[in-house]
$ cat data_19.json   # JSON, C-alpha atoms
[["chain", "number", "residue", "atom", "x", "y", "z"],
["A", 27, "MET", "CA", 101.53, 68.44, 91.88],
["A", 28, "ARG", "CA", 103.05, 71.55, 93.35],
["A", 29, "ASP", "CA", 102.01, 72.89, 96.67],
["A", 30, "LEU", "CA", 99.44, 75.49, 95.81],
["A", 31, "HIS", "CA", 98.68, 76.55, 99.33],
["A", 32, "PRO", "CA", 100.65, 79.58, 100.46],
["A", 33, "GLY", "CA", 101.61, 80.05, 104.06],
["A", 34, "PRO", "CA", 99.55, 82.05, 106.49],
["A", 35, "THR", "CA", 101.56, 85.25, 106.19],
["A", 36, "ARG", "CA", 101.03, 85.37, 102.49],
["A", 37, "ARG", "CA", 97.38, 84.49, 102.78],
["A", 38, "GLN", "CA", 96.94, 87.32, 105.25],
["A", 39, "VAL", "CA", 98.50, 89.69, 102.77],
["A", 40, "LEU", "CA", 96.29, 88.49, 99.95],
["A", 41, "ALA", "CA", 93.15, 88.69, 102.00],
["A", 42, "ALA", "CA", 93.85, 92.38, 102.33],
["A", 43, "LEU", "CA", 94.60, 92.93, 98.67],
["A", 44, "LEU", "CA", 91.91, 90.86, 97.07],
["A", 45, "LEU", "CA", 88.81, 92.75, 98.02],
["A", 46, "ALA", "CA", 87.11, 92.87, 94.66],
["A", 47, "PRO", "CA", 84.56, 90.16, 93.85],
["A", 48, "ALA", "CA", 85.84, 87.39, 91.65],
["A", 49, "ALA", "CA", 84.61, 88.52, 88.28],
["A", 50, "VAL", "CA", 87.38, 88.05, 85.82],
["A", 51, "ALA", "CA", 90.22, 85.85, 86.86],
["A", 52, "GLY", "CA", 88.23, 82.84, 87.79],
["A", 53, "LEU", "CA", 89.44, 79.55, 88.91],
["A", 54, "GLY", "CA", 93.17, 79.64, 88.70],
["A", 55, "ALA", "CA", 93.10, 75.87, 88.93],
["A", 56, "CYS", "CA", 96.37, 74.02, 89.18],
["A", 57, "SER", "CA", 98.32, 74.32, 86.01],
["A", 58, "LEU", "CA", 100.58, 71.34, 85.78],
["A", 59, "GLY", "CA", 104.18, 71.93, 84.91],
["A", 60, "ALA", "CA", 104.30, 71.16, 81.21],
["A", 61, "LYS", "CA", 104.38, 74.18, 78.90],
["A", 62, "PRO", "CA", 101.61, 74.16, 76.33],
["A", 63, "GLN", "CA", 102.80, 73.76, 72.77],
["A", 64, "VAL", "CA", 100.15, 76.07, 71.36],
["A", 65, "ASP", "CA", 100.38, 79.77, 72.06],
["A", 66, "PRO", "CA", 97.49, 80.50, 74.46],
["A", 67, "LEU", "CA", 96.87, 83.77, 72.66],
["A", 68, "VAL", "CA", 95.68, 81.86, 69.57],
["A", 69, "ALA", "CA", 92.52, 80.72, 71.37],
["A", 70, "LEU", "CA", 91.96, 84.25, 72.70],
["A", 71, "ALA", "CA", 92.22, 85.67, 69.18],
["A", 72, "ASP", "CA", 89.73, 83.09, 67.91],
["A", 73, "GLN", "CA", 87.33, 84.01, 70.71],
["A", 74, "ALA", "CA", 87.70, 87.68, 69.80],
["A", 75, "ARG", "CA", 86.82, 86.94, 66.17],
["A", 76, "ALA", "CA", 83.85, 84.83, 67.23],
["A", 77, "ASP", "CA", 82.58, 87.56, 69.59],
["A", 78, "ALA", "CA", 82.90, 90.20, 66.86],
["A", 79, "ALA", "CA", 80.84, 88.02, 64.53],
["A", 80, "LEU", "CA", 78.33, 87.42, 67.31],
["A", 81, "ALA", "CA", 78.01, 91.15, 68.02],
["A", 82, "ALA", "CA", 77.46, 91.85, 64.31],
["A", 83, "ALA", "CA", 74.80, 89.12, 64.15],
["A", 84, "ALA", "CA", 73.06, 90.43, 67.27],
["A", 85, "ALA", "CA", 73.02, 93.94, 65.79],
["A", 86, "ALA", "CA", 71.55, 92.60, 62.56],
["A", 87, "ALA", "CA", 68.86, 90.70, 64.49],
["A", 88, "GLN", "CA", 67.96, 93.74, 66.60],
["A", 89, "PRO", "CA", 68.70, 96.92, 64.65],
["A", 90, "ASP", "CA", 67.71, 99.12, 67.59],
["A", 91, "LEU", "CA", 70.75, 97.71, 69.42],
["A", 92, "ALA", "CA", 73.13, 98.25, 66.53],
["A", 93, "ALA", "CA", 74.52, 101.55, 67.80],
["A", 94, "ARG", "CA", 75.18, 100.05, 71.23],
["A", 95, "LEU", "CA", 76.84, 96.94, 69.84],
["A", 96, "GLU", "CA", 79.07, 98.54, 67.23],
["A", 97, "PRO", "CA", 81.79, 99.65, 69.72],
["A", 98, "LEU", "CA", 81.85, 96.09, 71.09],
["A", 99, "ARG", "CA", 82.19, 94.60, 67.61],
["A", 100, "ALA", "CA", 84.97, 97.08, 66.85],
["A", 101, "ALA", "CA", 86.78, 96.35, 70.14],
["A", 102, "ARG", "CA", 86.70, 92.58, 69.64],
["A", 103, "THR", "CA", 87.95, 93.06, 66.08],
["A", 104, "GLU", "CA", 90.83, 95.17, 67.43],
["A", 105, "HIS", "CA", 91.53, 92.49, 70.05],
["A", 106, "ALA", "CA", 91.76, 89.79, 67.37],
["A", 107, "ALA", "CA", 94.19, 91.88, 65.32],
["A", 108, "ALA", "CA", 96.39, 92.73, 68.32],
["A", 109, "LEU", "CA", 96.45, 89.13, 69.57],
["A", 110, "ASP", "CA", 97.21, 87.80, 66.07],
["A", 111, "ALA", "CA", 100.08, 90.28, 65.81],
["A", 112, "GLU", "CA", 101.50, 89.17, 69.16],
["A", 113, "VAL", "CA", 101.25, 85.49, 68.18],
["A", 114, "ALA", "CA", 103.08, 86.24, 64.93],
["A", 115, "ARG", "CA", 105.70, 88.33, 66.73],
["A", 116, "GLN", "CA", 106.49, 85.45, 69.06],
["A", 117, "ASP", "CA", 106.49, 82.84, 66.31],
["A", 118, "PRO", "CA", 106.78, 84.13, 62.74],
["A", 119, "ASP", "CA", 106.02, 80.60, 61.51],
["A", 120, "ALA", "CA", 102.71, 80.35, 63.35],
["A", 121, "PRO", "CA", 99.87, 79.35, 61.03],
["A", 122, "PRO", "CA", 97.63, 82.23, 59.96],
["A", 123, "PRO", "CA", 94.37, 82.63, 61.88],
["A", 124, "GLY", "CA", 91.27, 80.88, 60.53],
["A", 125, "PRO", "CA", 87.97, 82.59, 59.75],
["A", 126, "ALA", "CA", 85.43, 83.32, 62.46],
["A", 127, "PRO", "CA", 82.55, 80.86, 62.79],
["A", 128, "THR", "CA", 79.26, 82.05, 61.32],
["A", 129, "PRO", "CA", 76.72, 82.66, 64.09],
["A", 130, "GLY", "CA", 73.08, 81.61, 63.71],
["A", 131, "PRO", "CA", 70.54, 84.19, 62.56],
["A", 132, "GLN", "CA", 69.00, 84.91, 65.98],
["A", 133, "VAL", "CA", 71.72, 85.97, 68.37],
["A", 134, "THR", "CA", 70.29, 87.26, 71.65],
["A", 135, "LEU", "CA", 71.88, 89.76, 73.96],
["A", 136, "GLY", "CA", 72.02, 87.02, 76.60],
["A", 137, "ALA", "CA", 74.03, 84.76, 74.30],
["A", 138, "LEU", "CA", 76.39, 87.61, 73.53],
["A", 139, "ARG", "CA", 76.83, 88.38, 77.22],
["A", 140, "GLU", "CA", 77.60, 84.75, 78.00],
["A", 141, "ALA", "CA", 80.18, 84.65, 75.21],
["A", 142, "LEU", "CA", 81.83, 87.79, 76.58],
["A", 143, "GLN", "CA", 81.89, 86.40, 80.10],
["A", 144, "ALA", "CA", 83.57, 83.26, 78.81],
["A", 145, "SER", "CA", 86.07, 85.28, 76.79],
["A", 146, "GLY", "CA", 86.85, 87.47, 79.80],
["A", 147, "ARG", "CA", 87.43, 84.39, 81.95],
["A", 148, "SER", "CA", 89.70, 82.79, 79.36],
["A", 149, "ALA", "CA", 91.78, 85.92, 78.94],
["A", 150, "GLY", "CA", 91.83, 86.40, 82.72],
["A", 151, "GLU", "CA", 93.25, 82.93, 83.26],
["A", 152, "VAL", "CA", 95.86, 83.40, 80.54],
["A", 153, "ALA", "CA", 96.82, 86.77, 82.07],
["A", 154, "LEU", "CA", 97.90, 85.11, 85.31],
["A", 155, "ASP", "CA", 100.77, 83.23, 83.68],
["A", 156, "VAL", "CA", 101.94, 85.06, 80.55],
["A", 157, "PRO", "CA", 105.31, 86.87, 80.60],
["A", 158, "THR", "CA", 105.33, 90.51, 81.61],
["A", 159, "ASP", "CA", 105.75, 91.76, 78.04],
["A", 160, "ARG", "CA", 102.45, 90.16, 77.00],
["A", 161, "VAL", "CA", 100.35, 90.59, 80.12],
["A", 162, "GLY", "CA", 99.27, 94.18, 79.45],
["A", 163, "LEU", "CA", 97.58, 93.19, 76.18],
["A", 164, "VAL", "CA", 95.90, 90.12, 77.65],
["A", 165, "ALA", "CA", 94.79, 91.98, 80.77],
["A", 166, "SER", "CA", 93.23, 94.78, 78.72],
["A", 167, "VAL", "CA", 91.37, 92.23, 76.58],
["A", 168, "ALA", "CA", 90.09, 90.49, 79.72],
["A", 169, "ALA", "CA", 88.99, 93.75, 81.37],
["A", 170, "CYS", "CA", 87.27, 94.98, 78.20],
["A", 171, "CYS", "CA", 85.30, 91.73, 77.84],
["A", 172, "ALA", "CA", 84.32, 91.71, 81.52],
["A", 173, "ALA", "CA", 83.21, 95.35, 81.36],
["A", 174, "TYR", "CA", 81.04, 94.77, 78.28],
["A", 175, "ALA", "CA", 79.55, 91.67, 79.88],
["A", 176, "ALA", "CA", 78.73, 93.74, 82.96],
["A", 177, "VAL", "CA", 77.01, 96.56, 81.08],
["A", 178, "LEU", "CA", 75.10, 94.41, 78.56],
["A", 179, "ALA", "CA", 72.09, 93.90, 80.78],
["B", 22, "MET", "CA", 106.79, 100.68, 110.94],
["B", 23, "THR", "CA", 107.08, 96.93, 110.71],
["B", 24, "ASP", "CA", 110.51, 95.40, 110.45],
["B", 25, "ARG", "CA", 111.02, 94.75, 106.77],
["B", 26, "ARG", "CA", 113.13, 91.69, 107.46],
["B", 27, "ALA", "CA", 110.31, 90.01, 109.31],
["B", 28, "VAL", "CA", 108.22, 89.78, 106.18],
["B", 29, "ALA", "CA", 110.75, 90.05, 103.39],
["B", 30, "SER", "CA", 110.45, 86.34, 102.79],
["B", 31, "VAL", "CA", 106.81, 86.49, 101.72],
["B", 32, "PRO", "CA", 107.04, 84.68, 98.40],
["B", 33, "GLY", "CA", 106.22, 86.61, 95.25],
["B", 34, "TYR", "CA", 106.39, 90.03, 96.85],
["B", 35, "ASP", "CA", 109.66, 91.25, 95.45],
["B", 36, "ASP", "CA", 110.70, 94.89, 95.31],
["B", 37, "ALA", "CA", 109.16, 95.44, 91.89],
["B", 38, "THR", "CA", 105.80, 94.14, 93.09],
["B", 39, "ILE", "CA", 105.89, 96.31, 96.20],
["B", 40, "ALA", "CA", 106.83, 99.37, 94.12],
["B", 41, "ALA", "CA", 103.90, 98.66, 91.80],
["B", 42, "LEU", "CA", 101.54, 98.41, 94.77],
["B", 43, "GLN", "CA", 102.84, 101.74, 96.11],
["B", 44, "ASP", "CA", 102.26, 103.37, 92.72],
["B", 45, "VAL", "CA", 98.72, 102.09, 92.49],
["B", 46, "LEU", "CA", 98.13, 103.22, 96.08],
["B", 47, "ALA", "CA", 99.21, 106.72, 95.05],
["B", 48, "ALA", "CA", 96.69, 106.59, 92.19],
["B", 49, "GLU", "CA", 93.96, 105.44, 94.58],
["B", 50, "HIS", "CA", 94.73, 108.36, 96.93],
["B", 51, "ALA", "CA", 94.34, 110.72, 93.98],
["B", 52, "ALA", "CA", 91.07, 109.07, 92.93],
["B", 53, "VAL", "CA", 89.54, 109.50, 96.39],
["B", 54, "TRP", "CA", 90.55, 113.17, 96.36],
["B", 55, "ALA", "CA", 89.16, 113.65, 92.83],
["B", 56, "TYR", "CA", 85.76, 112.18, 93.67],
["B", 57, "THR", "CA", 85.53, 114.28, 96.82],
["B", 58, "LEU", "CA", 86.01, 117.40, 94.70],
["B", 59, "ALA", "CA", 83.75, 116.21, 91.86],
["B", 60, "ILE", "CA", 80.78, 115.42, 94.12],
["B", 61, "ALA", "CA", 80.32, 119.10, 94.98],
["B", 62, "PHE", "CA", 79.66, 119.94, 91.33],
["B", 63, "LEU", "CA", 77.53, 116.96, 90.24],
["B", 64, "PRO", "CA", 73.72, 116.74, 90.07],
["B", 65, "ALA", "CA", 72.11, 114.46, 92.65],
["B", 66, "ASP", "CA", 72.03, 111.20, 90.68],
["B", 67, "GLU", "CA", 75.60, 111.55, 89.48],
["B", 68, "ALA", "CA", 76.72, 112.62, 92.95],
["B", 69, "ASP", "CA", 75.27, 109.37, 94.31],
["B", 70, "GLN", "CA", 77.24, 107.41, 91.73],
["B", 71, "ALA", "CA", 80.36, 109.38, 92.58],
["B", 72, "ARG", "CA", 79.91, 108.59, 96.29],
["B", 73, "ALA", "CA", 79.62, 104.87, 95.48],
["B", 74, "ASP", "CA", 82.70, 105.04, 93.26],
["B", 75, "ALA", "CA", 84.64, 106.96, 95.90],
["B", 76, "GLU", "CA", 83.76, 104.29, 98.43],
["B", 77, "ALA", "CA", 85.14, 101.61, 96.11],
["B", 78, "HIS", "CA", 88.41, 103.54, 95.93],
["B", 79, "ARG", "CA", 88.53, 104.00, 99.70],
["B", 80, "LYS", "CA", 88.25, 100.24, 100.13],
["B", 81, "LEU", "CA", 91.00, 99.64, 97.59],
["B", 82, "ARG", "CA", 93.18, 102.23, 99.29],
["B", 83, "ALA", "CA", 92.67, 100.60, 102.69],
["B", 84, "ALA", "CA", 93.42, 97.16, 101.27],
["B", 85, "LEU", "CA", 96.59, 98.41, 99.60],
["B", 86, "GLU", "CA", 97.75, 100.21, 102.75],
["B", 87, "ALA", "CA", 97.22, 97.03, 104.77],
["B", 88, "THR", "CA", 99.06, 94.93, 102.22],
["B", 89, "VAL", "CA", 102.02, 97.28, 101.92],
["B", 90, "SER", "CA", 102.25, 97.56, 105.71],
["B", 91, "GLN", "CA", 102.19, 93.79, 106.10],
["B", 92, "LEU", "CA", 105.06, 93.63, 103.63],
["B", 93, "GLY", "CA", 107.07, 95.84, 105.97],
["B", 94, "GLU", "CA", 106.96, 99.03, 103.95],
["B", 95, "ARG", "CA", 105.45, 102.38, 104.86],
["B", 96, "PRO", "CA", 102.45, 102.96, 102.57],
["B", 97, "VAL", "CA", 102.75, 106.12, 100.46],
["B", 98, "ALA", "CA", 100.68, 108.98, 101.83],
["B", 99, "ALA", "CA", 98.14, 111.10, 100.00],
["B", 100, "GLN", "CA", 99.16, 114.51, 98.68],
["B", 101, "PRO", "CA", 97.38, 117.50, 100.23],
["B", 102, "ALA", "CA", 95.95, 118.31, 96.78],
["B", 103, "TYR", "CA", 96.34, 117.29, 93.16],
["B", 104, "THR", "CA", 96.32, 119.16, 89.88],
["B", 105, "THR", "CA", 93.26, 118.55, 87.73],
["B", 106, "PRO", "CA", 93.35, 118.21, 83.91],
["B", 107, "GLN", "CA", 91.04, 121.23, 83.69],
["B", 108, "PRO", "CA", 89.46, 123.56, 86.25],
["B", 109, "VAL", "CA", 86.49, 121.90, 87.93],
["B", 110, "VAL", "CA", 83.66, 124.41, 87.76],
["B", 111, "ASP", "CA", 80.52, 122.52, 86.74],
["B", 112, "ALA", "CA", 78.97, 119.07, 86.26],
["B", 113, "GLU", "CA", 80.75, 118.42, 82.99],
["B", 114, "SER", "CA", 84.23, 119.25, 84.25],
["B", 115, "ALA", "CA", 83.48, 117.27, 87.42],
["B", 116, "GLY", "CA", 82.51, 114.25, 85.33],
["B", 117, "ALA", "CA", 85.68, 114.68, 83.30],
["B", 118, "LEU", "CA", 87.69, 114.68, 86.53],
["B", 119, "ALA", "CA", 86.05, 111.40, 87.59],
["B", 120, "GLU", "CA", 86.86, 109.95, 84.18],
["B", 121, "ALA", "CA", 90.47, 111.09, 84.49],
["B", 122, "ALA", "CA", 90.78, 109.62, 87.99],
["B", 123, "GLU", "CA", 89.42, 106.25, 86.85],
["B", 124, "THR", "CA", 91.66, 106.29, 83.79],
["B", 125, "ASP", "CA", 94.72, 106.89, 85.97],
["B", 126, "THR", "CA", 93.83, 104.01, 88.29],
["B", 127, "MET", "CA", 93.24, 101.74, 85.29],
["B", 128, "VAL", "CA", 96.73, 102.53, 84.01],
["B", 129, "ALA", "CA", 98.20, 101.88, 87.45],
["B", 130, "TRP", "CA", 96.41, 98.54, 87.96],
["B", 131, "ARG", "CA", 97.41, 97.36, 84.49],
["B", 132, "SER", "CA", 100.95, 98.37, 85.32],
["B", 133, "VAL", "CA", 100.83, 96.22, 88.45],
["B", 134, "MET", "CA", 100.20, 93.24, 86.20],
["B", 135, "GLN", "CA", 103.22, 94.12, 84.09],
["B", 136, "ARG", "CA", 105.49, 94.47, 87.12],
["B", 137, "THR", "CA", 104.74, 91.22, 88.89],
["B", 138, "THR", "CA", 104.56, 87.55, 87.98],
["B", 139, "THR", "CA", 102.80, 86.63, 91.21],
["B", 140, "ARG", "CA", 99.48, 85.07, 90.21],
["B", 141, "ASP", "CA", 97.51, 86.24, 93.23],
["B", 142, "VAL", "CA", 98.59, 89.84, 92.78],
["B", 143, "ARG", "CA", 97.82, 89.66, 89.07],
["B", 144, "ALA", "CA", 94.38, 88.19, 89.80],
["B", 145, "GLY", "CA", 93.53, 91.01, 92.20],
["B", 146, "ALA", "CA", 94.89, 93.65, 89.84],
["B", 147, "LEU", "CA", 92.88, 92.27, 86.93],
["B", 148, "GLU", "CA", 89.61, 92.19, 88.85],
["B", 149, "THR", "CA", 90.23, 95.76, 89.91],
["B", 150, "LEU", "CA", 91.12, 96.84, 86.37],
["B", 151, "ALA", "CA", 87.82, 95.40, 85.13],
["B", 152, "ALA", "CA", 85.82, 97.07, 87.91],
["B", 153, "SER", "CA", 87.53, 100.38, 87.22],
["B", 154, "THR", "CA", 86.75, 99.99, 83.51],
["B", 155, "VAL", "CA", 83.04, 99.71, 84.34],
["B", 156, "ARG", "CA", 83.18, 102.75, 86.65],
["B", 157, "CYS", "CA", 85.07, 104.73, 84.04],
["B", 158, "SER", "CA", 82.58, 103.76, 81.31],
["B", 159, "ARG", "CA", 79.76, 105.51, 83.20],
["B", 160, "TRP", "CA", 81.72, 108.75, 83.44],
["B", 161, "ARG", "CA", 82.87, 108.50, 79.84],
["B", 162, "ALA", "CA", 79.25, 108.07, 78.77],
["B", 163, "ALA", "CA", 78.19, 110.98, 80.98],
["B", 164, "VAL", "CA", 80.73, 113.36, 79.46],
["B", 165, "GLY", "CA", 80.41, 112.00, 75.91],
["B", 166, "SER", "CA", 83.75, 110.21, 75.54],
["B", 167, "ALA", "CA", 83.39, 107.40, 73.00],
["B", 168, "PRO", "CA", 83.68, 104.50, 73.20],
["B", 169, "ALA", "CA", 82.53, 104.32, 76.82],
["B", 170, "ILE", "CA", 84.52, 101.12, 77.24],
["B", 171, "PRO", "CA", 87.94, 101.46, 75.60],
["B", 172, "ALA", "CA", 89.16, 98.47, 73.60],
["B", 173, "PHE", "CA", 92.34, 98.33, 75.69],
["B", 174, "PRO", "CA", 91.57, 99.54, 79.22],
["B", 175, "GLY", "CA", 94.60, 100.86, 81.05],
["B", 176, "GLN", "CA", 96.77, 101.14, 77.96]]
$ encode --input "data_19.json" --output "structure tokens"
Amino acid sequence: MRDLHPGPTRRQVLAALLLAPAAVAGLGACSLGAKPQVDPLVALADQARADAALAAAAAAAQPDLAARLEPLRAARTEHAAALDAEVARQDPDAPPPGPAPTPGPQVTLGALREALQASGRSAGEVALDVPTDRVGLVASVAACCAAYAAVLA
Amino acid sequence: MTDRRAVASVPGYDDATIAALQDVLAAEHAAVWAYTLAIAFLPADEADQARADAEAHRKLRAALEATVSQLGERPVAAQPAYTTPQPVVDAESAGALAEAAETDTMVAWRSVMQRTTTRDVRAGALETLAASTVRCSRWRAAVGSAPAIPAFPGQ
């Protein structure tokens, strides 16, 4: 395994920069050298589809929340489309995305928030390692999920 | 000013990363200035929120200045004043200024991610982008910008 512990000078620098509480980019555990065969954006697109379906189900279960949840459903739908497009741009032969899973009938706000937190963490971890031409998209997806998770009290 | 050569070997902090940190520092200077102006025009509850948001930007600014200094560069200074998107004359235009300031910092933090491959810098930039998105969403809601949380913050 690589040495993951930076020297003191660098740590000093980072201590100054990294003031914000760890909300998005979680663990950053050691990623071993081998490149994954599957585009990491595929899983993020699937999560986006699942969250959109979850938001729609939560709105159906609690109609008084529908107006609040519609922008979230729309955003996660946009995320899925943008991530799918980036996967296809990188590999035109990539298999087409599958359908979103069907959520159960009673989706609570808490379940939706947990799903968004998980999606934000996943995207945040992917954002640490993707090339610079993809990181803007992944970072925006991560920040959007984290922000919705924070405001869905 | 610190001797650049003394710290130039800090891994991951290449010129592009340092330039990105200087740009985001400039945006944080502008945000602090914007909130200071906005507070004078906001009703009490929104002024309290603006003070809390301004404090968050002061902390970011201090952290960036410390980081840039430790990397051997002189941190960019604040401008004496900044142009506002529209004249700030009432609560609504003050809220719009806060929204604009947060939007600018979101763009700058997202840009940091695009200009570095250093994981630690990206992690800090992403956390800050998310926090700024939440701050911005309150001002967007206050001034009626929809959606309060954009689908692609910082784009």
$ atom_distance --input "data_19.json" --atom1 "CA of Ser145 (chain A)" --atom2 "CA of Met127 (chain B)"
19.9 Å
$ closest_atom_pairs --input "data_19.json" --of "chain B" --to "chain A" --cutoff "6 Å" --atoms "all atoms listed in the file" --output "JSON lines"
{"residue": "B:Val31", "atom": "CA", "partner": "A:Arg36", "partner_atom": "CA", "distance": 5.9}
{"residue": "B:Ala84", "atom": "CA", "partner": "A:Ala42", "partner_atom": "CA", "distance": 4.9}
{"residue": "B:Leu85", "atom": "CA", "partner": "A:Leu43", "partner_atom": "CA", "distance": 5.9}
{"residue": "B:Thr88", "atom": "CA", "partner": "A:Val39", "partner_atom": "CA", "distance": 5.3}
{"residue": "B:Gln135", "atom": "CA", "partner": "A:Thr158", "partner_atom": "CA", "distance": 4.9}
{"residue": "B:Arg140", "atom": "CA", "partner": "A:Leu154", "partner_atom": "CA", "distance": 5.1}
{"residue": "B:Arg143", "atom": "CA", "partner": "A:Leu154", "partner_atom": "CA", "distance": 5.9}
{"residue": "B:Ala144", "atom": "CA", "partner": "A:Ala51", "partner_atom": "CA", "distance": 5.6}
{"residue": "B:Gly145", "atom": "CA", "partner": "A:Leu44", "partner_atom": "CA", "distance": 5.1}
{"residue": "B:Glu148", "atom": "CA", "partner": "A:Val50", "partner_atom": "CA", "distance": 5.6}
{"residue": "B:Ala151", "atom": "CA", "partner": "A:Ala169", "partner_atom": "CA", "distance": 4.3}
{"residue": "B:Val155", "atom": "CA", "partner": "A:Ala173", "partner_atom": "CA", "distance": 5.3}
{"residue": "B:Ala172", "atom": "CA", "partner": "A:Ala101", "partner_atom": "CA", "distance": 4.7}
{"residue": "B:Phe173", "atom": "CA", "partner": "A:Ser166", "partner_atom": "CA", "distance": 4.8}
{"residue": "B:Pro174", "atom": "CA", "partner": "A:Ser166", "partner_atom": "CA", "distance": 5.1}
$ closest_residue --input "data_19.json" --among "A:Asp90, A:Glu140, A:Asp72, A:Asp65" --to "Arg115 (chain A)" --atoms "all atoms listed in the file"
A:Asp65
$ residues_around --input "data_19.json" --residues "Ala117 (chain B)" --least-positions-apart "3" --cutoff "12 Å" --atoms "only C-alpha atoms" --output "PyMOL selection string"
chain B and resi 55-56+58-60+62-63+71+105-114+120-124+157-166
$ write_last_selection --input "data_19.json" --atoms "C-alpha atoms" --output "PDB file, in the coordinates of the input"
ATOM      1  CA  ALA B  55      89.160 113.650  92.830  1.00  0.00           C
ATOM      2  CA  TYR B  56      85.760 112.180  93.670  1.00  0.00           C
ATOM      3  CA  LEU B  58      86.010 117.400  94.700  1.00  0.00           C
ATOM      4  CA  ALA B  59      83.750 116.210  91.860  1.00  0.00           C
ATOM      5  CA  ILE B  60      80.780 115.420  94.120  1.00  0.00           C
ATOM      6  CA  PHE B  62      79.660 119.940  91.330  1.00  0.00           C
ATOM      7  CA  LEU B  63      77.530 116.960  90.240  1.00  0.00           C
ATOM      8  CA  ALA B  71      80.360 109.380  92.580  1.00  0.00           C
ATOM      9  CA  THR B 105      93.260 118.550  87.730  1.00  0.00           C
ATOM     10  CA  PRO B 106      93.350 118.210  83.910  1.00  0.00           C
ATOM     11  CA  GLN B 107      91.040 121.230  83.690  1.00  0.00           C
ATOM     12  CA  PRO B 108      89.460 123.560  86.250  1.00  0.00           C
ATOM     13  CA  VAL B 109      86.490 121.900  87.930  1.00  0.00           C
ATOM     14  CA  VAL B 110      83.660 124.410  87.760  1.00  0.00           C
ATOM     15  CA  ASP B 111      80.520 122.520  86.740  1.00  0.00           C
ATOM     16  CA  ALA B 112      78.970 119.070  86.260  1.00  0.00           C
ATOM     17  CA  GLU B 113      80.750 118.420  82.990  1.00  0.00           C
ATOM     18  CA  SER B 114      84.230 119.250  84.250  1.00  0.00           C
ATOM     19  CA  GLU B 120      86.860 109.950  84.180  1.00  0.00           C
ATOM     20  CA  ALA B 121      90.470 111.090  84.490  1.00  0.00           C
ATOM     21  CA  ALA B 122      90.780 109.620  87.990  1.00  0.00           C
ATOM     22  CA  GLU B 123      89.420 106.250  86.850  1.00  0.00           C
ATOM     23  CA  THR B 124      91.660 106.290  83.790  1.00  0.00           C
ATOM     24  CA  CYS B 157      85.070 104.730  84.040  1.00  0.00           C
ATOM     25  CA  SER B 158      82.580 103.760  81.310  1.00  0.00           C
ATOM     26  CA  ARG B 159      79.760 105.510  83.200  1.00  0.00           C
ATOM     27  CA  TRP B 160      81.720 108.750  83.440  1.00  0.00           C
ATOM     28  CA  ARG B 161      82.870 108.500  79.840  1.00  0.00           C
ATOM     29  CA  ALA B 162      79.250 108.070  78.770  1.00  0.00           C
ATOM     30  CA  ALA B 163      78.190 110.980  80.980  1.00  0.00           C
ATOM     31  CA  VAL B 164      80.730 113.360  79.460  1.00  0.00           C
ATOM     32  CA  GLY B 165      80.410 112.000  75.910  1.00  0.00           C
ATOM     33  CA  SER B 166      83.750 110.210  75.540  1.00  0.00           C
TER      34      SER B 166
END
$ closest_residue --input "data_19.json" --among "A:Gln143, A:Thr134, A:Gln88, A:Gln73" --to "Leu109 (chain A)" --atoms "all atoms listed in the file"
A:Gln73
$ atom_distance --input "data_19.json" --atom1 "CA of Ala126 (chain A)" --atom2 "CA of Ala76 (chain A)"
5.2 Å
$ residues_around --input "data_19.json" --residues "Pro125 (chain A)" --least-positions-apart "2" --cutoff "8 Å" --atoms "only C-alpha atoms" --output "PyMOL selection string"
chain A and resi 75+123+127
